[in-house]
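Accompanying notes for the structure given below.
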Amino acid sequence: MKHFTMSRKNPIIQYGRIPFLILLYLGIWQLLSMLVGSSLLLPSPLETGSRLILIMRDPACWKDLGFTFMRLLGGYLIGAAIGIILAILTAKSKAMHFVLSPLRVLIRSTPILSFVLLLLVSIASGFVPVTVVAIMVAPMLWATTEQAILSLDAKLIEMGKIYFSPWKRFRLVYLPQMLPQILASAVTALGFAWKSVITAEVLSLPKFAIGNRMYFSKIYLETPDLIAWTVLVVLLSLLMEKVLNLLVRKGVQRYDTN
């Protein structure tokens, strides 16, 4: 057991597993593609990769990506702000918790499709993905931030009231206890935000959108393009999560040193 634990921590073995897993799944994909025997149903990795390269070489791809990213970022920031504000309200007031908590359950239980269809009746299609992302992100930050506030150490808070000013108390007492939970939830919410913005774009078809491209790839039975766009979205989502994780770690380290 000791040897196994040490092997898992070996950096050569740890990073060597990633190429192995990539090759393994590409091999399975290639095998399934050969068994199906139709690029319309399941194109090969090579065919999909070639389409992905062509898509990325098209300037229009980056324009669509830019608009999708702006919708994602706008909805994410709005949803995070709303979630944190609601968390403060419901954590500090039992009456607000009683009134607003069912709303959080309702949002979590409602399919994205329902929100998109309802929003299309009242707002322009370009704003639907932004609103949907905000609706999906807000409950996640709301629940986590509320739990973080309720889990604060009462003794530390009382001590902070005696020795620190309100701002210093917030920075030295509240934030260190709350920050890890909130930041972890923020990273998780980013993955849901990507899924939400693409789903909303596919359903609302705004101008200049990755979801728009994926929808028409499906309509015209361009399966290699559809899978290539999907791969691009997955890679971008993973990249953004890695970047956010890195920023979170650096931010926490800088906060600790200060």
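Each chain of the structure tokens is named A, B, ... in the order shown, its residues numbered from 1; ligands are numbered from 1 in display order.
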Exercise: Leu26 of chain A partners within 12 Å, only C-alpha atoms, chain neighbours under 5 positions left out, as a short mmCIF file (atom, residue, chain, number, x, y, z; two decimals) with N, CA, C and O atoms, in the first residue's frame:
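Result went into out-v7.cif, see below:
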```
data_model
loop_
_atom_site.label_atom_id
_atom_site.label_comp_id
_atom_site.auth_asym_id
_atom_site.auth_seq_id
_atom_site.Cartn_x
_atom_site.Cartn_y
_atom_site.Cartn_z
N PRO A 19 -1.37 11.67 -21.20
CA PRO A 19 -1.28 11.24 -22.62
C PRO A 19 -1.81 9.83 -22.83
O PRO A 19 -2.43 9.55 -23.87
N PHE A 20 -1.56 8.95 -21.84
CA PHE A 20 -2.05 7.58 -21.97
C PHE A 20 -3.58 7.55 -22.05
O PHE A 20 -4.16 6.86 -22.90
N LEU A 21 -4.24 8.32 -21.17
CA LEU A 21 -5.71 8.34 -21.17
C LEU A 21 -6.25 8.97 -22.46
O LEU A 21 -7.26 8.52 -23.01
N LEU A 31 -12.20 3.13 -32.80
CA LEU A 31 -12.79 1.79 -32.94
C LEU A 31 -14.29 1.87 -33.13
O LEU A 31 -14.86 1.20 -34.01
N LEU A 32 -14.96 2.69 -32.34
CA LEU A 32 -16.41 2.84 -32.46
C LEU A 32 -16.78 3.44 -33.82
O LEU A 32 -17.77 3.04 -34.44
N SER A 33 -15.98 4.40 -34.27
CA SER A 33 -16.23 5.01 -35.58
C SER A 33 -16.12 3.97 -36.70
O SER A 33 -16.94 3.96 -37.63
N PRO A 43 -18.13 10.43 -36.81
CA PRO A 43 -16.90 10.62 -37.57
C PRO A 43 -15.68 10.19 -36.75
O PRO A 43 -15.74 10.12 -35.52
N SER A 44 -14.59 9.92 -37.42
CA SER A 44 -13.38 9.48 -36.76
C SER A 44 -12.69 10.66 -36.07
O SER A 44 -12.97 11.83 -36.38
N PRO A 45 -11.79 10.39 -35.11
CA PRO A 45 -11.04 11.48 -34.48
C PRO A 45 -10.25 12.32 -35.49
O PRO A 45 -10.16 13.54 -35.34
N LEU A 46 -9.68 11.66 -36.50
CA LEU A 46 -8.90 12.38 -37.50
C LEU A 46 -9.78 13.34 -38.30
O LEU A 46 -9.40 14.49 -38.53
N THR A 48 -12.67 14.59 -37.34
CA THR A 48 -13.12 15.65 -36.44
C THR A 48 -12.00 16.65 -36.18
O THR A 48 -12.23 17.86 -36.16
N GLY A 49 -10.78 16.14 -35.98
CA GLY A 49 -9.64 17.02 -35.75
C GLY A 49 -9.36 17.94 -36.93
O GLY A 49 -9.05 19.13 -36.74
#
```
Taking a cut-off of 12 Å and counting only C-alpha atoms, can you build a table that, for each residue of segment 81-170 of chain A near segment 184-193 of chain A, reports the nearest atom pair and how far apart they are in Å (one decimal), sorted by chain then residue number, as JSON lines?
```
{"residue": "A:Ala81", "atom": "CA", "partner": "A:Ala186", "partner_atom": "CA", "distance": 11.2}
{"residue": "A:Gly83", "atom": "CA", "partner": "A:Ala186", "partner_atom": "CA", "distance": 10.7}
{"residue": "A:Ile84", "atom": "CA", "partner": "A:Ala186", "partner_atom": "CA", "distance": 10.9}
{"residue": "A:Arg108", "atom": "CA", "partner": "A:Phe192", "partner_atom": "CA", "distance": 11.9}
{"residue": "A:Ile112", "atom": "CA", "partner": "A:Phe192", "partner_atom": "CA", "distance": 11.2}
{"residue": "A:Pro129", "atom": "CA", "partner": "A:Ala193", "partner_atom": "CA", "distance": 9.6}
{"residue": "A:Val130", "atom": "CA", "partner": "A:Ala193", "partner_atom": "CA", "distance": 9.5}
{"residue": "A:Thr131", "atom": "CA", "partner": "A:Ala193", "partner_atom": "CA", "distance": 10.8}
{"residue": "A:Val132", "atom": "CA", "partner": "A:Ala193", "partner_atom": "CA", "distance": 8.7}
{"residue": "A:Val133", "atom": "CA", "partner": "A:Ala193", "partner_atom": "CA", "distance": 5.4}
{"residue": "A:Ala134", "atom": "CA", "partner": "A:Ala193", "partner_atom": "CA", "distance": 8.1}
{"residue": "A:Ile135", "atom": "CA", "partner": "A:Ala193", "partner_atom": "CA", "distance": 9.5}
{"residue": "A:Met136", "atom": "CA", "partner": "A:Ala193", "partner_atom": "CA", "distance": 6.9}
{"residue": "A:Val137", "atom": "CA", "partner": "A:Ala189", "partner_atom": "CA", "distance": 5.7}
{"residue": "A:Ala138", "atom": "CA", "partner": "A:Ala189", "partner_atom": "CA", "distance": 8.8}
{"residue": "A:Pro139", "atom": "CA", "partner": "A:Ala189", "partner_atom": "CA", "distance": 9.5}
{"residue": "A:Met140", "atom": "CA", "partner": "A:Ala189", "partner_atom": "CA", "distance": 6.6}
{"residue": "A:Leu141", "atom": "CA", "partner": "A:Ser185", "partner_atom": "CA", "distance": 6.3}
{"residue": "A:Trp142", "atom": "CA", "partner": "A:Ser185", "partner_atom": "CA", "distance": 9.7}
{"residue": "A:Ala143", "atom": "CA", "partner": "A:Ser185", "partner_atom": "CA", "distance": 9.3}
{"residue": "A:Thr144", "atom": "CA", "partner": "A:Ser185", "partner_atom": "CA", "distance": 6.6}
{"residue": "A:Thr145", "atom": "CA", "partner": "A:Ser185", "partner_atom": "CA", "distance": 8.7}
{"residue": "A:Glu146", "atom": "CA", "partner": "A:Ser185", "partner_atom": "CA", "distance": 11.8}
{"residue": "A:Gln147", "atom": "CA", "partner": "A:Ser185", "partner_atom": "CA", "distance": 11.4}
{"residue": "A:Ala148", "atom": "CA", "partner": "A:Ser185", "partner_atom": "CA", "distance": 10.9}
```
Practice prompt. Find the spatial neighbours of Met70 of chain A, counting only C-alpha atoms, within a cut-off of 12 Å - ignore same-chain residues fewer than 5 positions away - and output them as an MDAnalysis selection string.
Written response: chainID A and resid 63:65 75:77 126:127 129:130 133 193:194 197 208:210
Discussion item. Quick check for you: according to DSSP on this backbone, which residues of segment 8-231 of chain A are classed as alpha helix (DSSP H)? Reply as JSON, numbers by chain.
Written reply: {"A": [8, 9, 11, 12, 13, 14, 15, 16, 17, 18, 19, 20, 21, 22, 23, 24, 25, 26, 27, 28, 29, 30, 31, 32, 33, 34, 35, 36, 45, 46, 47, 48, 49, 50, 51, 52, 53, 54, 55, 56, 57, 59, 60, 61, 62, 63, 64, 65, 66, 67, 68, 69, 70, 71, 72, 73, 74, 75, 76, 77, 78, 79, 80, 81, 82, 83, 84, 85, 86, 87, 88, 89, 90, 91, 92, 94, 95, 96, 97, 98, 99, 100, 101, 102, 103, 104, 105, 106, 107, 108, 109, 112, 113, 114, 115, 116, 117, 118, 119, 120, 121, 122, 128, 129, 130, 131, 132, 133, 134, 135, 136, 137, 138, 139, 140, 141, 142, 143, 144, 145, 146, 147, 148, 149, 150, 154, 155, 156, 157, 158, 159, 160, 161, 162, 163, 166, 167, 168, 169, 175, 176, 177, 178, 179, 180, 181, 182, 183, 184, 185, 186, 187, 188, 189, 190, 191, 192, 193, 194, 195, 196, 197, 198, 199, 200, 201, 202, 203, 204, 210, 211, 212, 213, 214, 215, 216, 217, 218, 219, 223, 224, 225, 226, 227, 228, 229, 230, 231]}
Worksheet item: Quick one: residues within 12 Å of Leu235 of chain A, only C-alpha atoms counted, chain neighbours fewer than 6 positions away excluded, as number ranges by chain?
Response: A: 52, 191, 194, 228-229, 241-242
Selected residues written out, all heavy atoms, as an mmCIF file, in the first residue's frame:
```cif
data_model
loop_
_atom_site.group_PDB
_atom_site.id
_atom_site.type_symbol
_atom_site.label_atom_id
_atom_site.label_comp_id
_atom_site.auth_asym_id
_atom_site.auth_seq_id
_atom_site.Cartn_x
_atom_site.Cartn_y
_atom_site.Cartn_z
ATOM 1 N N LEU A 52 -11.894 20.608 -36.873
ATOM 2 C CA LEU A 52 -11.611 21.544 -35.782
ATOM 3 C C LEU A 52 -10.532 22.544 -36.189
ATOM 4 O O LEU A 52 -10.641 23.741 -35.902
ATOM 5 C CB LEU A 52 -11.178 20.766 -34.540
ATOM 6 C CG LEU A 52 -10.806 21.601 -33.298
ATOM 7 C CD1 LEU A 52 -11.987 22.449 -32.842
ATOM 8 C CD2 LEU A 52 -10.341 20.689 -32.165
ATOM 9 N N GLY A 191 -18.225 25.946 -14.801
ATOM 10 C CA GLY A 191 -18.555 24.830 -15.688
ATOM 11 C C GLY A 191 -20.026 24.815 -16.049
ATOM 12 O O GLY A 191 -20.398 24.605 -17.212
ATOM 13 N N TRP A 194 -20.817 27.565 -18.630
ATOM 14 C CA TRP A 194 -20.518 27.209 -20.014
ATOM 15 C C TRP A 194 -21.647 26.377 -20.619
ATOM 16 O O TRP A 194 -22.101 26.629 -21.747
ATOM 17 C CB TRP A 194 -19.209 26.412 -20.075
ATOM 18 C CG TRP A 194 -18.021 27.242 -20.463
ATOM 19 C CD1 TRP A 194 -16.992 27.603 -19.669
ATOM 20 C CD2 TRP A 194 -17.766 27.825 -21.748
ATOM 21 N NE1 TRP A 194 -16.101 28.382 -20.378
ATOM 22 C CE2 TRP A 194 -16.545 28.522 -21.654
ATOM 23 C CE3 TRP A 194 -18.440 27.817 -22.962
ATOM 24 C CZ2 TRP A 194 -15.989 29.209 -22.728
ATOM 25 C CZ3 TRP A 194 -17.896 28.500 -24.043
ATOM 26 C CH2 TRP A 194 -16.692 29.183 -23.917
ATOM 27 N N ALA A 228 -16.745 18.768 -33.644
ATOM 28 C CA ALA A 228 -15.589 19.661 -33.541
ATOM 29 C C ALA A 228 -15.917 20.882 -32.680
ATOM 30 O O ALA A 228 -15.115 21.287 -31.825
ATOM 31 C CB ALA A 228 -15.148 20.105 -34.934
ATOM 32 N N TRP A 229 -17.103 21.460 -32.880
ATOM 33 C CA TRP A 229 -17.519 22.591 -32.046
ATOM 34 C C TRP A 229 -17.670 22.150 -30.592
ATOM 35 O O TRP A 229 -17.325 22.897 -29.661
ATOM 36 C CB TRP A 229 -18.835 23.178 -32.557
ATOM 37 C CG TRP A 229 -18.692 24.089 -33.732
ATOM 38 C CD1 TRP A 229 -19.044 23.832 -35.024
ATOM 39 C CD2 TRP A 229 -18.136 25.402 -33.726
ATOM 40 N NE1 TRP A 229 -18.743 24.899 -35.816
ATOM 41 C CE2 TRP A 229 -18.192 25.891 -35.054
ATOM 42 C CE3 TRP A 229 -17.604 26.220 -32.735
ATOM 43 C CZ2 TRP A 229 -17.738 27.155 -35.400
ATOM 44 C CZ3 TRP A 229 -17.146 27.485 -33.085
ATOM 45 C CH2 TRP A 229 -17.219 27.936 -34.393
ATOM 46 N N GLU A 241 -11.526 26.957 -16.527
ATOM 47 C CA GLU A 241 -11.529 26.454 -15.147
ATOM 48 C C GLU A 241 -10.109 26.400 -14.594
ATOM 49 O O GLU A 241 -9.877 26.727 -13.423
ATOM 50 C CB GLU A 241 -12.185 25.077 -15.091
ATOM 51 C CG GLU A 241 -13.701 25.116 -15.240
ATOM 52 C CD GLU A 241 -14.346 23.775 -14.961
ATOM 53 O OE1 GLU A 241 -13.745 22.970 -14.217
ATOM 54 O OE2 GLU A 241 -15.445 23.518 -15.477
ATOM 55 N N LYS A 242 -9.147 25.973 -15.432
ATOM 56 C CA LYS A 242 -7.750 25.935 -14.999
ATOM 57 C C LYS A 242 -7.253 27.341 -14.687
ATOM 58 O O LYS A 242 -6.563 27.570 -13.677
ATOM 59 C CB LYS A 242 -6.882 25.301 -16.079
ATOM 60 C CG LYS A 242 -7.110 23.804 -16.289
ATOM 61 C CD LYS A 242 -6.575 22.999 -15.128
ATOM 62 C CE LYS A 242 -6.713 21.505 -15.397
ATOM 63 N NZ LYS A 242 -6.269 20.705 -14.222
#
```
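Atom CA of Phe67 of chain A lies 23.2 Å from atom CA of Asn245 of chain A.
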